[in-house]
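Worksheet: one structure, shown below.
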Amino acid sequence: MFSNIFITLALLLITTLLLARFIKLPRNIWLLFMAQPLAMSASPVIVFIGAILATEMIEDPSLATLPITMMILGVASASIPAALIAKRMGRKFATLTGFSSSLIASLFALISTKIASFELFVFASLLFGVGAAFTQQIRFAAIESTQNINDVPKVLSILMLSGLFAAFLGPEIAVAAKELITSPFGYAGSFLVLGVLILLAMVIMVDFKNPVMNESIDLGSARPLRVIVKQPIFVVAILAATIGYALMSYLMTATPISMHKMHGHNLQETKWVIQSHIAAMFIPSLFTTWLVQKLGLKSLLFAGTLIYAVVAIVALSGQQVIHYWWALILLGIGWNFLFLTGTSLLPLSYNNSERHKIQAFNDFILFGFQAIASLMAGWVLFNAGWYFVILSSMPFIIILFAVTFYFFQMEKNKTIISVEETIN
């Protein structure tokens with residue numbers, strides 16, 4: 001019953017050892033590579049079964065995406081505290097704090113499914129989001145561990161690759177452990193196994209060493225936030241990541257309900273589509289470092305935007321499993337390109353002494369809009385249908401094309417020549 005989970009964990013360990021042997025990066029990176037997917041598994045679990053479980057607990061179907069939305073609201077609301085705790089207490093303490101929140105959330109989710117309490121399940125989802133806010137900061141811990149900005153795209157690609165394991169672990173946990181503990185609607189055992197994996201992630205993080213940043217190289221005092229956010233490079237970075245993330249969440253959140261509840265596709269087919277989507281979010285990281293080196297971030301941004309346009313075309317072509325599958329596969333690939341572009345550009349907009357402030361602001365905006373998108377997904381789906389969900393995403397794809405054009409113009413006018421030299 002749990003064979004796929006054990007195989008995935010074994011592959012995670014083997015992959016970490018092989019990559020660490022052939023790619024010379026600090027030990028911290030490989031510890032994060034192992035711990036991150038274990039903690040990240042919580043999000044695929046909630047995305048996959050959150051709305052399905054909610055529809056069993058409540059009568060109003062328009063509230064089915066509330067657990068997912070609360071999880072993302074938890075991410076947004078905890079983004080600033082996560083950065084401040086990391087600044088004051090260090091990355092290790094902050095990460096362990098986030099993992100602890102996710103562990104407590106697993107316990108509450110288990111209890112809520114046992115007693116069929118929708119309110120407690122929503123609260124557990126919020127706590128999962130709080131934990132995820134700290135987990136999202138892992139990418140900054142990895143960047144700081146490199147001490148070399150030239151390695152940032154490579155490190156981010158490697159770290160994003162580890163999310164592939166979360167893509168398989170999350171849905172497998174949800175299905176394999178569904179009946180492990182008796183509960184009215186199932187899934188209590190899923191949260192028990194999830195809690196065990198999060199505990200394992202905490203054990204791995206014990207060996208993590210806080211990065212030492214040399215802030216003495218910064219010239220002058222830290223700039224006000226309003227000055228930093230007006231920089232063209234910051235505008236491109238935050239729009240690429242935020243719109244890419246929000247659209248991905250909007251379509252992904254609506255998919256399980258549209259497939260399973262509204263169009264009659266079975267749970268295994270729905271799981272396959274979601275699993276494939278999350279895998280597609282991270283598999284491109286195998287070659288995105290090469291793409292960045294050969295083509296630059298501006299081309300990666302254009303490719304991600306173009307893929308999102310193709311997603312809309314495919315999704316409007318039908319509602320068979322194959323249409324959902326191709327649309328979600330492409331959605332994952334496009335998200336990878338857009339998120340990697342935005343995250344790689346962000347460190348170029350701030351000095352070391354400004355990093356926590358900007359990282360907190362970036363994540364607050366990013367996950368705030370993602371929360372709004374996920375909440376709107378259920379409302380739009382139940383009131384206007386799947387096709388309108390897709391049509392309503394098109395204006396934002398057009399904005400992404402405008403951002404891409406702006407980025408190309410920046411490069412053409414040599415506005416970011418130093419940035420291009422740094423990335424390439």
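Residue numbering restarts at 1 for every chain of the structure tokens, chains are lettered A, B, ... in their displayed order, and ligands are numbered from 1 as they appear.
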Pull the closest atom pair for each residue of range 315-340 of chain A that gets at most 10 Å from range 293-303 of chain A, along with the distance in Å to one decimal, counting only C-alpha atoms, ordering rows by chain and then ascending residue number, as JSON lines.
```
{"residue": "A:Ile333", "atom": "CA", "partner": "A:Ala303", "partner_atom": "CA", "distance": 9.5}
{"residue": "A:Gly334", "atom": "CA", "partner": "A:Ala303", "partner_atom": "CA", "distance": 7.3}
{"residue": "A:Trp335", "atom": "CA", "partner": "A:Leu301", "partner_atom": "CA", "distance": 9.9}
{"residue": "A:Asn336", "atom": "CA", "partner": "A:Leu300", "partner_atom": "CA", "distance": 9.5}
{"residue": "A:Phe337", "atom": "CA", "partner": "A:Leu300", "partner_atom": "CA", "distance": 5.8}
{"residue": "A:Leu338", "atom": "CA", "partner": "A:Leu301", "partner_atom": "CA", "distance": 5.6}
{"residue": "A:Phe339", "atom": "CA", "partner": "A:Leu301", "partner_atom": "CA", "distance": 8.9}
{"residue": "A:Leu340", "atom": "CA", "partner": "A:Leu300", "partner_atom": "CA", "distance": 8.6}
```
Please identify every residue of range 45-117 of chain A that has at least one atom no farther than 8 Å from an atom of range 254-262 of chain A, counting only C-alpha atoms, and for each give the shortest atom pair and the distance in Å to one decimal, arranged by chain then increasing number, as CSV.
```
residue,atom,partner,partner_atom,distance
A:Phe48,CA,A:Pro256,CA,6.8
A:Ala51,CA,A:Ile257,CA,6.9
A:Ile52,CA,A:Ile257,CA,6.9
```
Dump C-alpha atoms for the selected residues as an mmCIF file, in the first residue's frame?
```cif
data_model
loop_
_atom_site.group_PDB
_atom_site.id
_atom_site.type_symbol
_atom_site.label_atom_id
_atom_site.label_comp_id
_atom_site.auth_asym_id
_atom_site.auth_seq_id
_atom_site.Cartn_x
_atom_site.Cartn_y
_atom_site.Cartn_z
ATOM 1 C CA PHE A 48 -5.593 17.251 -4.247
ATOM 2 C CA ALA A 51 -11.752 20.677 -2.082
ATOM 3 C CA ILE A 52 -12.987 17.092 -2.455
#
```
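Ranking A:Leu197, A:Ala315, A:Leu239, A:Leu180 by their shortest atom-to-atom distance to Ser106 in chain A, with only C-alpha atoms included, puts A:Leu197 first.
Between Thr69 in chain A and the candidates A:Leu18, A:Met248, A:Met205, A:Ala371, the tightest atom-to-atom separation, counting only C-alpha atoms, involves A:Ala371.
For range 22-27 of chain A, the residues within 8 Å (counting only C-alpha atoms, excluding itself and residues fewer than 3 positions away along the chain) are Leu18, Leu19, Trp30, Leu31, Ser145 and Thr146 of chain A.
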Selection above as a file: N, CA and C atoms, as a short mmCIF file (atom, residue, chain, number, x, y, z; two decimals), in the first residue's frame:
```cif
data_model
loop_
_atom_site.label_atom_id
_atom_site.label_comp_id
_atom_site.auth_asym_id
_atom_site.auth_seq_id
_atom_site.Cartn_x
_atom_site.Cartn_y
_atom_site.Cartn_z
N LEU A 18 23.89 11.40 -5.31
CA LEU A 18 24.51 11.46 -6.63
C LEU A 18 24.80 12.91 -7.05
N LEU A 19 23.81 13.78 -6.85
CA LEU A 19 24.01 15.18 -7.22
C LEU A 19 25.10 15.82 -6.40
N TRP A 30 22.25 20.63 -0.17
CA TRP A 30 21.79 19.24 -0.26
C TRP A 30 20.89 18.87 0.91
N LEU A 31 21.12 19.50 2.07
CA LEU A 31 20.20 19.29 3.19
C LEU A 31 18.83 19.89 2.86
N SER A 145 23.33 30.60 0.94
CA SER A 145 24.32 29.57 1.21
C SER A 145 25.37 29.47 0.11
N THR A 146 25.06 30.01 -1.09
CA THR A 146 26.01 29.91 -2.21
C THR A 146 27.14 30.92 -2.11
#
```
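Proximity to Phe367 in chain A at 8 Å, evaluated using only C-alpha atoms and with sequence-adjacent residues fewer than 5 positions away removed, yields Ile72, Leu73, Val75, Ala76, Thr242 and Ala246 of chain A.
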Can you write just those residues out, N, CA and C atoms, as a PDB file, in the first residue's frame?
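Generated file (selection01.pdb):
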```
ATOM      1  N   ILE A  72      -3.297  29.223   1.355  1.00  0.00           N
ATOM      2  CA  ILE A  72      -2.516  30.248   0.662  1.00  0.00           C
ATOM      3  C   ILE A  72      -2.555  31.565   1.438  1.00  0.00           C
ATOM      4  N   LEU A  73      -3.693  31.874   2.090  1.00  0.00           N
ATOM      5  CA  LEU A  73      -3.744  33.053   2.946  1.00  0.00           C
ATOM      6  C   LEU A  73      -2.755  32.920   4.100  1.00  0.00           C
ATOM      7  N   VAL A  75       0.054  31.385   3.898  1.00  0.00           N
ATOM      8  CA  VAL A  75       1.363  31.688   3.312  1.00  0.00           C
ATOM      9  C   VAL A  75       1.562  33.196   3.240  1.00  0.00           C
ATOM     10  N   ALA A  76       0.548  33.896   2.721  1.00  0.00           N
ATOM     11  CA  ALA A  76       0.664  35.348   2.557  1.00  0.00           C
ATOM     12  C   ALA A  76       0.814  36.058   3.893  1.00  0.00           C
ATOM     13  N   THR A 242       4.616  36.726  -9.621  1.00  0.00           N
ATOM     14  CA  THR A 242       3.278  36.841  -9.034  1.00  0.00           C
ATOM     15  C   THR A 242       2.177  36.430 -10.003  1.00  0.00           C
ATOM     16  N   ALA A 246      -0.078  33.153  -9.491  1.00  0.00           N
ATOM     17  CA  ALA A 246      -1.517  33.331  -9.288  1.00  0.00           C
ATOM     18  C   ALA A 246      -2.337  32.589 -10.348  1.00  0.00           C
TER      19      ALA A 246
END
```
Using only C-alpha atoms, the shortest atom-to-atom distance to Ser349 in chain A among A:Phe93, A:Phe234, A:Phe108, A:Phe118 belongs to A:Phe234
Write out, as JSON lines, each residue of range 163-236 of chain A that has an atom at most 10 Å from range 395-409 of chain A, together with the closest pair of atoms and their distance in Å to one decimal, counting only C-alpha atoms, rows going by chain and rising number.
```
{"residue": "A:Pro232", "atom": "CA", "partner": "A:Phe407", "partner_atom": "CA", "distance": 8.5}
{"residue": "A:Ile233", "atom": "CA", "partner": "A:Phe407", "partner_atom": "CA", "distance": 8.2}
{"residue": "A:Val235", "atom": "CA", "partner": "A:Val403", "partner_atom": "CA", "distance": 8.7}
{"residue": "A:Val236", "atom": "CA", "partner": "A:Val403", "partner_atom": "CA", "distance": 6.4}
```
Between A:Ala42, A:Leu251, A:Ile198, A:Leu346, smallest distance to Ser125 in chain A by only C-alpha atoms belongs to A:Ala42
